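Next up, final.txt (compact mmCIF, C-alpha atoms):
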```txt
# COMPACT_ATOMS: atom_id res chain seq x y z
CA MET A 493 2.50 -27.35 8.11
CA LYS A 494 -0.74 -27.51 6.15
CA ARG A 495 -3.38 -24.99 7.06
CA SER A 496 -5.80 -27.85 7.77
CA GLU A 497 -3.48 -28.85 10.61
CA ILE A 498 -3.29 -25.47 12.33
CA ASP A 499 -5.37 -25.11 15.48
CA VAL A 500 -7.08 -21.79 16.18
CA LEU A 501 -7.76 -20.64 19.74
CA SER A 502 -10.41 -17.92 19.96
CA PRO A 503 -10.65 -16.17 23.34
CA HIS A 504 -13.35 -13.59 24.05
CA THR A 505 -11.68 -11.55 26.80
CA LEU A 506 -8.25 -10.01 27.22
CA GLU A 507 -7.67 -12.14 30.31
CA GLU A 508 -8.39 -15.38 28.42
CA ALA A 509 -6.17 -14.22 25.57
CA LEU A 510 -3.22 -13.49 27.88
CA ALA A 511 -3.59 -16.84 29.67
CA LEU A 512 -3.60 -18.73 26.33
CA LEU A 513 -0.66 -16.72 25.09
CA GLN A 514 1.39 -17.56 28.17
CA GLN A 515 0.49 -21.24 27.97
CA HIS A 516 1.22 -21.64 24.23
CA GLN A 517 3.83 -18.91 23.63
CA LYS A 518 6.35 -21.29 22.03
CA ASP A 519 4.24 -22.26 19.04
CA ILE A 520 1.49 -19.69 18.64
CA LYS A 521 1.06 -16.60 16.46
CA ILE A 522 -1.47 -13.85 17.04
CA ILE A 523 -4.06 -13.11 14.36
CA ALA A 524 -6.05 -9.84 14.65
CA GLY A 525 -7.84 -8.78 11.43
CA GLY A 526 -5.88 -11.34 9.43
CA SER A 527 -5.15 -9.35 6.27
CA ASP A 528 -1.36 -9.74 6.52
CA ILE A 529 -0.88 -13.04 8.34
CA ILE A 530 -3.30 -15.06 6.19
CA ILE A 531 -1.25 -14.16 3.11
CA GLN A 532 1.97 -15.03 4.99
CA LEU A 533 0.56 -18.39 6.12
CA ARG A 534 -0.51 -19.22 2.58
CA ASP A 535 2.88 -18.22 1.15
CA GLY A 536 4.70 -20.20 3.87
CA VAL A 537 6.51 -17.09 5.16
CA VAL A 538 4.91 -17.65 8.57
CA LYS A 539 4.80 -21.16 9.99
CA THR A 540 2.94 -21.95 13.17
CA GLU A 541 1.10 -24.81 14.86
CA LYS A 542 -1.47 -22.59 16.49
CA LEU A 543 -3.12 -19.24 15.96
CA LEU A 544 -4.46 -17.03 18.73
CA ASN A 545 -7.48 -15.38 17.14
CA ILE A 546 -8.12 -12.20 19.12
CA PHE A 547 -10.62 -10.81 16.61
CA ALA A 548 -13.50 -11.26 19.09
CA VAL A 549 -11.73 -9.65 22.09
CA LYS A 550 -13.95 -6.60 22.49
CA ASP A 551 -11.82 -5.22 25.39
CA LEU A 552 -9.20 -4.23 22.80
CA ARG A 553 -11.54 -2.32 20.48
CA PHE A 554 -11.98 1.26 21.69
CA ILE A 555 -11.00 4.82 20.84
CA GLU A 556 -11.07 7.30 23.73
CA GLU A 557 -9.90 10.78 24.58
CA ARG A 558 -8.81 11.44 28.17
CA ASP A 559 -7.30 14.82 29.12
CA GLY A 560 -6.14 15.62 25.61
CA ARG A 561 -4.60 12.20 25.19
CA ILE A 562 -5.93 9.79 22.55
CA HIS A 563 -6.06 6.08 23.42
CA ILE A 564 -6.61 3.58 20.61
CA GLY A 565 -7.29 -0.08 21.45
CA SER A 566 -5.10 -2.35 19.35
CA LEU A 567 -8.06 -4.09 17.73
CA SER A 568 -9.52 -0.85 16.34
CA THR A 569 -9.95 -1.15 12.59
CA TYR A 570 -9.10 1.56 10.08
CA THR A 571 -12.83 2.09 9.59
CA ASP A 572 -13.12 2.73 13.37
CA ILE A 573 -10.28 5.26 13.06
CA ILE A 574 -11.75 6.99 10.01
CA ARG A 575 -15.13 7.33 11.76
CA SER A 576 -13.78 8.50 15.12
CA GLN A 577 -14.52 12.14 15.93
CA HIS A 578 -11.67 12.14 18.49
CA ILE A 579 -9.16 11.14 15.84
CA LYS A 580 -10.61 13.45 13.21
CA ARG A 581 -10.16 16.36 15.63
CA HIS A 582 -6.90 15.47 17.37
CA ALA A 583 -4.99 13.19 14.99
CA TRP A 584 -6.29 13.94 11.51
CA ILE A 585 -3.06 12.77 9.91
CA LEU A 586 -3.93 9.26 11.09
CA VAL A 587 -7.33 9.53 9.36
CA GLU A 588 -5.58 10.64 6.16
CA ALA A 589 -3.33 7.58 6.34
CA ALA A 590 -6.16 5.19 7.29
CA ARG A 591 -8.25 6.28 4.29
CA GLN A 592 -5.41 5.25 1.97
CA ILE A 593 -4.75 1.84 3.50
CA GLY A 594 -6.13 -0.73 1.09
CA ALA A 595 -9.77 -0.36 0.06
CA THR A 596 -12.95 -0.41 2.18
CA GLN A 597 -12.84 -4.20 2.52
CA LEU A 598 -9.42 -4.07 4.17
CA GLN A 599 -10.19 -0.97 6.23
CA ASN A 600 -13.11 -2.91 7.72
CA THR A 601 -10.90 -5.70 9.08
CA ALA A 602 -7.27 -4.51 9.24
CA THR A 603 -6.40 -3.32 12.75
CA ILE A 604 -3.91 -0.76 13.99
CA GLY A 605 -2.38 -3.33 16.38
CA GLY A 606 -1.95 -5.71 13.45
CA ASN A 607 -0.21 -3.01 11.44
CA LEU A 608 2.21 -2.50 14.36
CA GLY A 609 2.77 -6.20 15.01
CA ASN A 610 3.36 -7.00 11.33
CA ALA A 611 6.08 -4.32 11.37
CA SER A 612 6.25 -3.66 7.64
CA PRO A 613 8.39 -0.61 6.81
CA ALA A 614 5.64 0.32 4.33
CA ALA A 615 2.82 0.23 6.93
CA ASP A 616 0.88 3.44 6.35
CA SER A 617 -0.30 4.00 9.92
CA LEU A 618 3.27 4.10 11.25
CA PRO A 619 4.66 7.44 9.96
CA PRO A 620 1.72 9.31 11.58
CA LEU A 621 2.26 7.42 14.84
CA TYR A 622 6.00 8.26 14.78
CA ALA A 623 5.21 11.92 14.14
CA LEU A 624 2.63 11.89 16.94
CA GLY A 625 5.21 10.39 19.34
CA ALA A 626 2.98 7.40 20.10
CA ILE A 627 3.53 5.08 23.05
CA ILE A 628 2.84 1.38 22.48
CA VAL A 629 1.35 -0.38 25.50
CA THR A 630 2.08 -4.11 25.61
CA ARG A 631 0.60 -6.57 28.03
CA ASN A 632 1.34 -10.04 29.34
CA LYS A 633 -0.20 -11.99 32.20
CA SER A 634 1.94 -10.31 34.82
CA GLY A 635 1.79 -6.70 33.69
CA ARG A 636 2.11 -3.99 31.07
CA ARG A 637 4.98 -2.16 29.41
CA GLU A 638 4.92 1.26 27.78
CA ILE A 639 7.32 1.50 24.86
CA PRO A 640 7.93 4.64 22.77
CA ILE A 641 7.24 3.72 19.14
CA GLU A 642 10.85 4.35 18.06
CA LYS A 643 12.02 1.74 20.58
CA PHE A 644 9.20 -0.68 19.70
CA PHE A 645 10.62 -1.28 16.21
CA ILE A 646 14.11 -2.70 16.50
CA GLY A 647 14.84 -3.64 12.88
CA TYR A 648 13.36 -4.81 9.61
CA ARG A 649 10.08 -6.50 10.59
CA LYS A 650 11.36 -6.86 14.16
CA THR A 651 9.59 -5.52 17.23
CA ALA A 652 10.30 -5.46 20.96
CA LEU A 653 7.14 -7.54 21.56
CA LYS A 654 7.90 -10.65 23.66
CA SER A 655 6.38 -14.02 22.86
CA ASP A 656 3.96 -13.86 25.81
CA GLU A 657 2.88 -10.28 25.11
CA LEU A 658 0.25 -8.68 22.93
CA ILE A 659 -0.30 -5.05 22.03
CA GLU A 660 -3.04 -3.59 24.20
CA GLU A 661 -3.27 0.01 23.08
CA ILE A 662 -1.50 2.96 21.50
CA TYR A 663 -1.69 6.42 23.04
CA PHE A 664 -0.35 9.89 22.22
CA ASP A 665 -0.99 13.55 22.98
CA GLY A 666 -3.65 14.74 20.56
CA LEU A 667 -2.98 17.65 18.24
CA ALA A 668 -4.11 21.00 19.61
CA ARG A 669 -5.87 23.73 17.67
CA ASN A 670 -2.62 25.57 16.90
CA ASP A 671 -0.75 22.49 15.74
CA ALA A 672 -0.20 21.67 12.09
CA GLY A 673 0.15 18.31 10.41
CA SER A 674 -0.24 16.42 7.18
CA TYR A 675 0.22 12.98 5.69
CA LEU A 676 1.07 12.23 2.06
CA LYS A 677 1.52 8.92 0.33
CA LEU A 678 2.92 8.08 -3.06
CA GLY A 679 1.65 4.78 -4.49
CA LEU A 680 1.55 3.33 -7.98
CA ARG A 681 -2.08 4.37 -8.21
CA LYS A 682 -4.47 6.42 -6.10
CA ALA A 683 -6.48 3.67 -4.44
CA ASN A 684 -5.55 0.37 -2.91
CA ALA A 685 -1.78 0.61 -3.39
CA ILE A 686 1.18 -0.14 -1.16
CA SER A 687 3.36 2.93 -0.57
CA ILE A 688 6.45 3.69 -2.63
CA VAL A 689 7.17 6.23 0.08
CA ASP A 690 4.96 8.08 2.55
CA VAL A 691 5.50 11.04 4.85
CA ALA A 692 3.89 12.35 8.03
CA VAL A 693 4.63 15.83 9.33
CA ILE A 694 3.65 17.43 12.63
CA LEU A 695 4.45 20.92 13.87
CA ARG A 696 3.58 21.73 17.49
CA ASP A 697 4.35 24.38 20.07
CA LYS A 698 3.46 27.32 17.83
CA ARG A 699 5.16 30.65 18.41
CA ARG A 700 4.59 33.79 16.39
CA ASP A 701 5.78 32.50 13.00
CA SER A 702 7.60 29.33 13.93
CA TYR A 703 7.13 26.03 15.74
CA GLY A 704 9.19 24.75 18.69
CA ASN A 705 8.52 21.10 17.92
CA VAL A 706 8.72 19.62 14.41
CA LYS A 707 8.51 15.94 13.54
CA VAL A 708 8.93 14.47 10.08
CA ALA A 709 8.54 10.68 9.68
CA LEU A 710 9.34 8.74 6.52
CA GLY A 711 7.74 5.42 5.53
CA ALA A 712 9.07 2.76 3.12
CA ALA A 713 12.39 4.60 3.08
CA ALA A 714 14.47 2.43 5.46
CA PRO A 715 14.23 -0.96 7.27
CA THR A 716 11.90 0.73 9.77
CA ILE A 717 10.05 4.05 9.69
CA VAL A 718 12.64 6.81 10.28
CA ARG A 719 12.51 10.39 11.46
CA ALA A 720 14.12 12.98 9.19
CA HIS A 721 16.11 14.58 12.01
CA ARG A 722 18.19 16.95 9.88
CA CYS A 723 15.08 18.23 8.17
CA GLU A 724 13.36 18.73 11.53
CA GLN A 725 16.35 20.63 12.96
CA ALA A 726 16.37 22.98 9.99
CA LEU A 727 12.78 23.98 10.75
CA ILE A 728 12.58 24.17 14.55
CA GLY A 729 12.19 27.75 15.77
CA LYS A 730 12.66 29.24 12.28
CA ARG A 731 10.31 31.48 10.35
CA LEU A 732 8.68 29.12 7.88
CA THR A 733 9.10 30.53 4.42
CA ASP A 734 8.56 28.59 1.21
CA LYS A 735 12.32 28.78 0.60
CA LEU A 736 13.09 27.25 4.00
CA LEU A 737 10.56 24.45 3.49
CA ARG A 738 12.22 23.59 0.17
CA GLU A 739 15.71 23.58 1.68
CA ALA A 740 14.68 21.55 4.72
CA ALA A 741 12.83 19.00 2.56
CA LYS A 742 16.02 18.36 0.58
CA LEU A 743 17.69 17.18 3.80
CA ALA A 744 15.05 14.49 4.40
CA SER A 745 16.65 11.87 2.18
CA GLN A 746 19.85 12.05 4.27
CA ASP A 747 18.07 10.09 7.00
CA ALA A 748 16.65 7.56 4.54
CA SER A 749 18.25 4.32 3.34
CA PRO A 750 15.75 3.14 0.73
CA ILE A 751 15.97 -0.15 -1.16
CA THR A 752 15.03 -1.20 -4.67
CA ASP A 753 12.00 -3.49 -4.88
CA ILE A 754 9.09 -4.23 -7.22
CA ARG A 755 7.48 -0.87 -6.51
CA SER A 756 10.43 1.45 -7.05
CA SER A 757 14.16 1.83 -7.34
CA ALA A 758 16.14 3.14 -4.38
CA GLU A 759 17.24 6.10 -6.48
CA TYR A 760 13.68 7.13 -7.30
CA ARG A 761 12.62 6.75 -3.67
CA ARG A 762 15.48 8.99 -2.55
CA LYS A 763 14.65 11.64 -5.17
CA VAL A 764 10.91 11.66 -4.68
CA LEU A 765 11.18 11.82 -0.88
CA GLY A 766 12.42 15.41 -1.07
CA SER A 767 9.40 16.45 -3.15
CA LEU A 768 6.95 14.57 -0.98
CA VAL A 769 8.35 16.05 2.24
CA TYR A 770 8.16 19.54 0.72
CA GLN A 771 4.55 18.97 -0.33
CA ALA A 772 3.67 17.58 3.12
CA LEU A 773 5.29 20.54 4.92
CA HIS A 774 3.65 22.98 2.53
CA LYS A 775 0.24 21.39 3.02
CA ALA A 776 0.61 21.35 6.83
CA VAL A 777 1.78 24.95 7.12
CA LEU A 778 -0.49 26.32 4.41
CA ARG A 779 -3.50 24.81 6.13
CA ARG A 780 -2.63 26.93 9.18
CA ASP A 781 -0.86 30.11 8.11
CA GLY A 782 -0.18 30.29 4.43
CA VAL A 783 3.42 30.48 3.35
CA MET B 531 -3.04 -34.14 11.84
CA ARG B 532 -6.16 -32.47 10.49
CA VAL B 533 -7.89 -30.25 13.04
CA GLU B 534 -11.63 -29.57 12.81
CA HIS B 535 -13.87 -27.22 14.77
CA LYS B 536 -17.59 -26.64 14.71
CA ILE B 537 -18.18 -23.03 13.69
CA SER B 538 -21.56 -21.31 13.70
CA PHE B 539 -22.63 -18.16 11.92
CA LYS B 540 -25.54 -16.74 10.01
CA LEU B 541 -25.25 -17.17 6.24
CA ASN B 542 -27.69 -15.36 3.98
CA GLY B 543 -30.30 -15.27 6.74
CA LYS B 544 -29.97 -18.86 7.95
CA SER B 545 -28.11 -19.98 11.07
CA ILE B 546 -25.62 -22.66 10.13
CA THR B 547 -22.91 -24.74 11.81
CA VAL B 548 -20.04 -26.15 9.78
CA LYS B 549 -17.35 -28.60 10.78
CA CYS B 550 -14.05 -27.62 9.15
CA PRO B 551 -10.39 -26.80 9.77
CA PRO B 552 -10.43 -23.55 11.79
CA ALA B 553 -7.55 -22.01 9.84
CA TYR B 554 -9.37 -22.31 6.51
CA THR B 555 -10.47 -19.00 5.11
CA LEU B 556 -14.13 -18.05 5.13
CA LEU B 557 -13.98 -18.09 1.32
CA GLU B 558 -12.67 -21.67 1.19
CA VAL B 559 -15.46 -22.87 3.45
CA LEU B 560 -18.15 -20.89 1.60
CA ARG B 561 -17.13 -22.21 -1.80
CA ASP B 562 -15.77 -25.70 -1.18
CA GLN B 563 -17.89 -26.86 1.71
CA LEU B 564 -21.09 -24.86 1.51
CA GLN B 565 -21.19 -24.52 -2.32
CA VAL B 566 -21.83 -20.79 -2.09
CA THR B 567 -19.90 -19.76 -5.19
CA GLY B 568 -20.83 -16.08 -5.66
CA PRO B 569 -17.63 -14.93 -3.91
CA LYS B 570 -14.52 -15.92 -5.88
CA GLU B 571 -10.79 -16.14 -5.28
CA ASP B 572 -8.59 -14.15 -7.65
CA CYS B 573 -5.66 -12.31 -6.11
CA ALA B 574 -5.90 -13.77 -2.58
CA LYS B 575 -4.21 -10.59 -1.33
CA GLY B 576 -7.02 -8.12 -0.69
CA GLU B 577 -6.55 -6.20 -3.91
CA CYS B 578 -9.24 -7.42 -6.34
CA GLY B 579 -12.44 -7.68 -4.27
CA ALA B 580 -13.81 -10.74 -6.12
CA CYS B 581 -14.26 -12.48 -2.73
CA THR B 582 -16.22 -9.59 -1.15
CA VAL B 583 -18.98 -10.56 1.28
CA LEU B 584 -20.75 -8.62 4.01
CA MET B 585 -19.80 -9.35 7.62
CA ASN B 586 -22.26 -7.68 9.99
CA GLY B 587 -23.17 -5.30 7.16
CA GLN B 588 -19.61 -4.30 6.22
CA PRO B 589 -17.85 -5.45 3.04
CA ILE B 590 -14.79 -7.59 3.74
CA CYS B 591 -12.44 -9.83 1.77
CA SER B 592 -13.53 -13.39 2.62
CA CYS B 593 -10.15 -14.67 1.37
CA LEU B 594 -8.41 -12.72 4.17
CA MET B 595 -10.68 -13.83 6.99
CA LEU B 596 -10.46 -17.16 8.77
CA VAL B 597 -13.69 -19.06 9.13
CA SER B 598 -12.96 -18.99 12.91
CA GLN B 599 -13.14 -15.20 12.79
CA ALA B 600 -16.65 -15.41 11.35
CA GLU B 601 -17.97 -17.28 14.43
CA GLY B 602 -21.21 -15.64 15.59
CA SER B 603 -21.29 -13.11 12.75
CA ASN B 604 -23.84 -12.36 10.06
CA ILE B 605 -22.46 -13.16 6.60
CA ILE B 606 -24.22 -12.13 3.40
CA THR B 607 -22.95 -13.08 -0.05
CA SER B 608 -24.31 -11.98 -3.42
CA GLU B 609 -26.71 -14.95 -3.19
CA GLY B 610 -28.30 -13.40 -0.08
CA LEU B 611 -29.00 -9.92 -1.46
CA ALA B 612 -32.31 -10.78 -3.12
CA ARG B 613 -35.39 -10.32 -0.90
CA GLY B 614 -38.38 -12.67 -1.27
CA GLY B 615 -37.15 -13.87 -4.65
CA MET B 616 -36.77 -10.29 -5.95
CA LEU B 617 -33.37 -8.95 -7.02
CA ASN B 618 -32.28 -5.82 -5.16
CA GLU B 619 -31.96 -2.44 -6.92
CA VAL B 620 -28.26 -2.85 -7.55
CA GLN B 621 -28.69 -6.26 -9.14
CA LYS B 622 -31.54 -4.98 -11.34
CA ALA B 623 -29.55 -1.91 -12.38
CA PHE B 624 -26.54 -4.03 -13.38
CA ILE B 625 -28.84 -6.03 -15.69
CA ASP B 626 -30.58 -2.91 -17.08
CA HIS B 627 -27.26 -1.22 -17.85
CA GLY B 628 -25.55 -4.35 -19.13
CA ALA B 629 -22.82 -3.52 -16.61
CA VAL B 630 -21.28 -6.95 -17.10
CA GLN B 631 -18.86 -8.57 -19.48
CA CYS B 632 -17.24 -11.77 -18.28
CA GLY B 633 -19.12 -11.49 -14.98
CA HIS B 634 -16.37 -12.74 -12.72
CA CYS B 635 -16.05 -9.59 -10.61
CA ILE B 636 -19.77 -8.84 -10.52
CA PRO B 637 -20.82 -10.66 -7.31
CA GLY B 638 -18.16 -8.71 -5.38
CA MET B 639 -19.09 -5.45 -7.15
CA ILE B 640 -22.75 -5.91 -6.28
CA VAL B 641 -22.01 -6.70 -2.63
CA SER B 642 -19.78 -3.59 -2.29
CA ALA B 643 -22.31 -1.37 -4.12
CA SER B 644 -25.24 -2.67 -2.03
CA ALA B 645 -23.32 -1.94 1.19
CA LEU B 646 -22.57 1.57 -0.07
CA LEU B 647 -26.25 2.33 -0.72
CA THR B 648 -27.31 0.97 2.67
CA GLY B 649 -24.89 3.34 4.46
CA ASN B 650 -25.07 6.23 2.00
CA PRO B 651 -28.36 6.27 0.04
CA LYS B 652 -27.38 9.33 -2.06
CA PRO B 653 -23.75 8.79 -3.00
CA THR B 654 -21.82 11.12 -5.28
CA LYS B 655 -19.88 9.68 -8.20
CA ALA B 656 -16.72 10.06 -6.09
CA ASP B 657 -18.37 8.09 -3.25
CA ILE B 658 -19.23 5.31 -5.70
CA LYS B 659 -15.72 5.21 -7.16
CA ASN B 660 -14.24 5.13 -3.67
CA ALA B 661 -16.59 2.37 -2.49
CA LEU B 662 -15.71 0.28 -5.55
CA SER B 663 -11.97 1.05 -5.54
CA GLY B 664 -11.32 -2.36 -3.96
CA ASN B 665 -13.20 -4.22 -6.71
CA LEU B 666 -11.26 -4.66 -9.92
CA CYS B 667 -12.90 -5.33 -13.30
CA ARG B 668 -10.67 -6.15 -16.24
CA CYS B 669 -13.42 -5.99 -18.92
CA THR B 670 -15.84 -3.12 -18.59
CA GLY B 671 -13.80 0.01 -17.96
CA TYR B 672 -16.20 0.70 -15.04
CA THR B 673 -18.35 3.30 -16.84
CA LYS B 674 -21.48 1.14 -16.97
CA ILE B 675 -20.87 -0.19 -13.47
CA ILE B 676 -20.79 3.32 -12.03
CA ALA B 677 -23.87 4.32 -14.07
CA ALA B 678 -25.70 1.24 -12.75
CA VAL B 679 -24.94 2.15 -9.13
CA GLU B 680 -26.04 5.76 -9.72
CA ASP B 681 -29.29 4.47 -11.22
CA ALA B 682 -29.83 2.02 -8.36
CA ALA B 683 -29.43 4.88 -5.88
CA LYS B 684 -32.05 6.93 -7.76
CA LYS B 685 -34.52 4.05 -7.92
CA ARG B 686 -34.17 3.38 -4.20
CA GLY B 687 -35.18 7.03 -3.75
```
In structure tokens, what does this structure look like?
Amino acid sequence: MKRSEIDVLSPHTLEEALALLQQHQKDIKIIAGGSDIIIQLRDGVVKTEKLLNIFAVKDLRFIEERDGRIHIGSLSTYTDIIRSQHIKRHAWILVEAARQIGATQLQNTATIGGNLGNASPAADSLPPLYALGAIIVTRNKSGRREIPIEKFFIGYRKTALKSDELIEEIYFDGLARNDAGSYLKLGLRKANAISIVDVAVILRDKRRDSYGNVKVALGAAAPTIVRAHRCEQALIGKRLTDKLLREAAKLASQDASPITDIRSSAEYRRKVLGSLVYQALHKAVLRRDGV
Amino acid sequence: MRVEHKISFKLNGKSITVKCPPAYTLLEVLRDQLQVTGPKEDCAKGECGACTVLMNGQPICSCLMLVSQAEGSNIITSEGLARGGMLNEVQKAFIDHGAVQCGHCIPGMIVSASALLTGNPKPTKADIKNALSGNLCRCTGYTKIIAAVEDAAKKRG
């Protein structure tokens, strides 16, 4: 279908959006900021008769903190995230990722809900959200569902989102003062690059010289974001020495199943993951305690 | 069948309404229908910045924005940066420094640099490089462009 033949429906409230989505669910695709889907429409990867343009739905653009929990409306842009004091304080790894997503022009329009819905395994906001244990709240006309992020993504570019649902918000428990975390990305250049691999690390529940809760999430290393469970297990409750960080980081690639594409070979991804995870752990722990 | 909508927004200070397919990009409508040719299409992927315009004061890629999404917004292209027939400081500085070779990327560069100085009147060199990291130039090597933006910041005071 030619783009000149595609109709665009542009609701202004969440209620209008949900009603339109229910009515047209068979032949409509949602457009938020547009930075992924416009390319896909032009390349013919996505075909649709109608677009639901939710860009003007202000109800979905908010960032709030309630009782230590951070709520991010799905239409929040990366610029909104970078500028949010709540996120800077309680989810700084998400700010570190947001700063490296495209350049300013994209940060001003690309939304976190769009990044989730597009479900690219190289989406930079996703490893931090996995490490934060985010819950994705979806909504249709009759109600809402809360889906843990690891259940939201069910395969390569596949989500649990139903055709009459949209993503309303993302929430997670914010990082506390004693928590540690970092995000590192390897791209082909410093700015404006899609990840070869990226890593988010969070250590919570601090004891004397260890953490009771460790999460390591790997991006662009499998059909979806994956947690490096073996690496996490090697660190939980242990005294964090430089030697242990190095050993644990080596285990990370065991949970990865990288592919070869235009940005990197699978072999390089697997090798470099270990180094990147070590650097991310080192940065997170060093920032708190020194190793 | 071709679909057309009437879409209204402010373009370079004037309120306009255009009748066009709603799934056309803002860039397509600016260039092909409104003959505003400062913004250009190069990569069409959000990497090069040649299509940069301001939407409500923020630089965006007009090739990755549907014209429908611009409804009700305030769009400024490089053509709309001059005030009362006078070039702005960034435009003047680009001329003074000869920060141009083929010129293709310059409208986008100038839009991004002008937005930077509005939000951050005293940028560091790192701020300038970061603000322009989404605008690629294949001729100049950037040195004169960065010097021009530094100079424009000084002259704005």
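For A:Arg722, the set of protein, DNA and RNA residues having any atom at most 8 Å away, when counting only C-alpha atoms and skipping those fewer than 3 positions along the same chain, is Gln725, Ala726, Ala740, Leu743, Ala744, Gln746 and Asp747 of chain A.
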Within 6 Å of chain B, which residues of chain A are there when counting only C-alpha atoms? Please give them as a list in words.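 The selection requested is Arg495, Ser496, Glu497, Val500, Gly526, Ser527, Ile530, Ala595 and Gln597 of chain A.
With distances restricted to only C-alpha atoms, A:Glu759 is the closest residue to A:Ile688 from A:Glu759, A:Glu661, A:Asp572, A:Glu541.
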Name the residues in contact with B:Gln631 at a cut-off of 8 Å, using only C-alpha atoms, excluding same-chain residues fewer than 3 positions from it; report them as a list in words.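 Residues near the query, excluding close chain neighbours: Gly628, Cys669 and Thr670 of chain B.
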Show which residues sit within 12 Å of A:Val708, as number ranges by chain. Count all atoms listed in the file, and ignore same-chain residues fewer than 6 positions away. A: 618-625, 672-676, 690-696, 717-728, 740-741, 743-745, 747-748, 765-766, 768-770, 772-773, 776
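Picture a line from atom CA of A:Leu543 to atom CA of A:Gly525; it runs 12.3 Å.
Closest approach to B:Arg561 among B:Ile676, B:Ile537, B:Cys573, B:Val597 is made by B:Val597 (distances from only C-alpha atoms).
Of note, atom CA of B:Lys570 and atom CA of B:Val679 are spaced 21.1 Å apart.
Residues with any atom within 12 Å of the point (-20.6, 7.8, -1.4), counting only C-alpha atoms, are A:Thr596, B:Ser642, B:Ala643, B:Ser644, B:Ala645, B:Leu646, B:Leu647, B:Thr648, B:Gly649, B:Asn650, B:Pro651, B:Lys652, B:Pro653, B:Thr654, B:Lys655, B:Ala656, B:Asp657, B:Ile658, B:Lys659, B:Asn660, B:Ala661, B:Leu662, B:Ser663, B:Ile676, B:Val679, B:Glu680, B:Ala683.
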Can I get the selected residues back with C-alpha atoms, as a PDB file, in the coordinates of the input?
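Produced file out.pdb, reproduced below:
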```pdb
ATOM      1  CA  THR A 596     -12.950  -0.410   2.180  1.00  0.00           C
TER       2      THR A 596
ATOM      3  CA  SER B 642     -19.780  -3.590  -2.290  1.00  0.00           C
ATOM      4  CA  ALA B 643     -22.310  -1.370  -4.120  1.00  0.00           C
ATOM      5  CA  SER B 644     -25.240  -2.670  -2.030  1.00  0.00           C
ATOM      6  CA  ALA B 645     -23.320  -1.940   1.190  1.00  0.00           C
ATOM      7  CA  LEU B 646     -22.570   1.570  -0.070  1.00  0.00           C
ATOM      8  CA  LEU B 647     -26.250   2.330  -0.720  1.00  0.00           C
ATOM      9  CA  THR B 648     -27.310   0.970   2.670  1.00  0.00           C
ATOM     10  CA  GLY B 649     -24.890   3.340   4.460  1.00  0.00           C
ATOM     11  CA  ASN B 650     -25.070   6.230   2.000  1.00  0.00           C
ATOM     12  CA  PRO B 651     -28.360   6.270   0.040  1.00  0.00           C
ATOM     13  CA  LYS B 652     -27.380   9.330  -2.060  1.00  0.00           C
ATOM     14  CA  PRO B 653     -23.750   8.790  -3.000  1.00  0.00           C
ATOM     15  CA  THR B 654     -21.820  11.120  -5.280  1.00  0.00           C
ATOM     16  CA  LYS B 655     -19.880   9.680  -8.200  1.00  0.00           C
ATOM     17  CA  ALA B 656     -16.720  10.060  -6.090  1.00  0.00           C
ATOM     18  CA  ASP B 657     -18.370   8.090  -3.250  1.00  0.00           C
ATOM     19  CA  ILE B 658     -19.230   5.310  -5.700  1.00  0.00           C
ATOM     20  CA  LYS B 659     -15.720   5.210  -7.160  1.00  0.00           C
ATOM     21  CA  ASN B 660     -14.240   5.130  -3.670  1.00  0.00           C
ATOM     22  CA  ALA B 661     -16.590   2.370  -2.490  1.00  0.00           C
ATOM     23  CA  LEU B 662     -15.710   0.280  -5.550  1.00  0.00           C
ATOM     24  CA  SER B 663     -11.970   1.050  -5.540  1.00  0.00           C
ATOM     25  CA  ILE B 676     -20.790   3.320 -12.030  1.00  0.00           C
ATOM     26  CA  VAL B 679     -24.940   2.150  -9.130  1.00  0.00           C
ATOM     27  CA  GLU B 680     -26.040   5.760  -9.720  1.00  0.00           C
ATOM     28  CA  ALA B 683     -29.430   4.880  -5.880  1.00  0.00           C
TER      29      ALA B 683
END
```
Rank A:Ile593, A:Leu506, A:Ala709, A:Ala714 by their smallest atom-to-atom distance to A:Tyr648, using only C-alpha atoms, and report the top residue only. A:Ala714
Pick from A:Ser634, A:Ile523, A:Arg669, A:Lys518: nearest to A:Arg779, with all atoms listed in the file counted?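 So, comparing all the options, the nearest one is A:Arg669.
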Nearest residue to A:Gln517 out of A:Glu588, A:Glu657, A:Glu638, A:Asp616, using all atoms listed in the file? A:Glu657
If we count only C-alpha atoms, what is near stretch 604-609 of chain B at a cut-off of 6 Å, once residues fewer than 6 positions away on the same chain are taken out, given as a list in words?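 Close residues of stretch 604-609 of chain B: Lys540, Leu541, Asn542, Gly568, Val583, Leu584, Met585, Asn586, Pro637 and Val641 of chain B.
Between atom CA of A:Glu642 and atom CA of A:Phe664 lies a distance of 13.2 Å.
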Name all residues at most 8 Å from A:His582 (count all atoms listed in the file; drop same-chain ones fewer than 3 positions away) and give them as a PyMOL selection string. chain A and resi 562+578-579+666-668
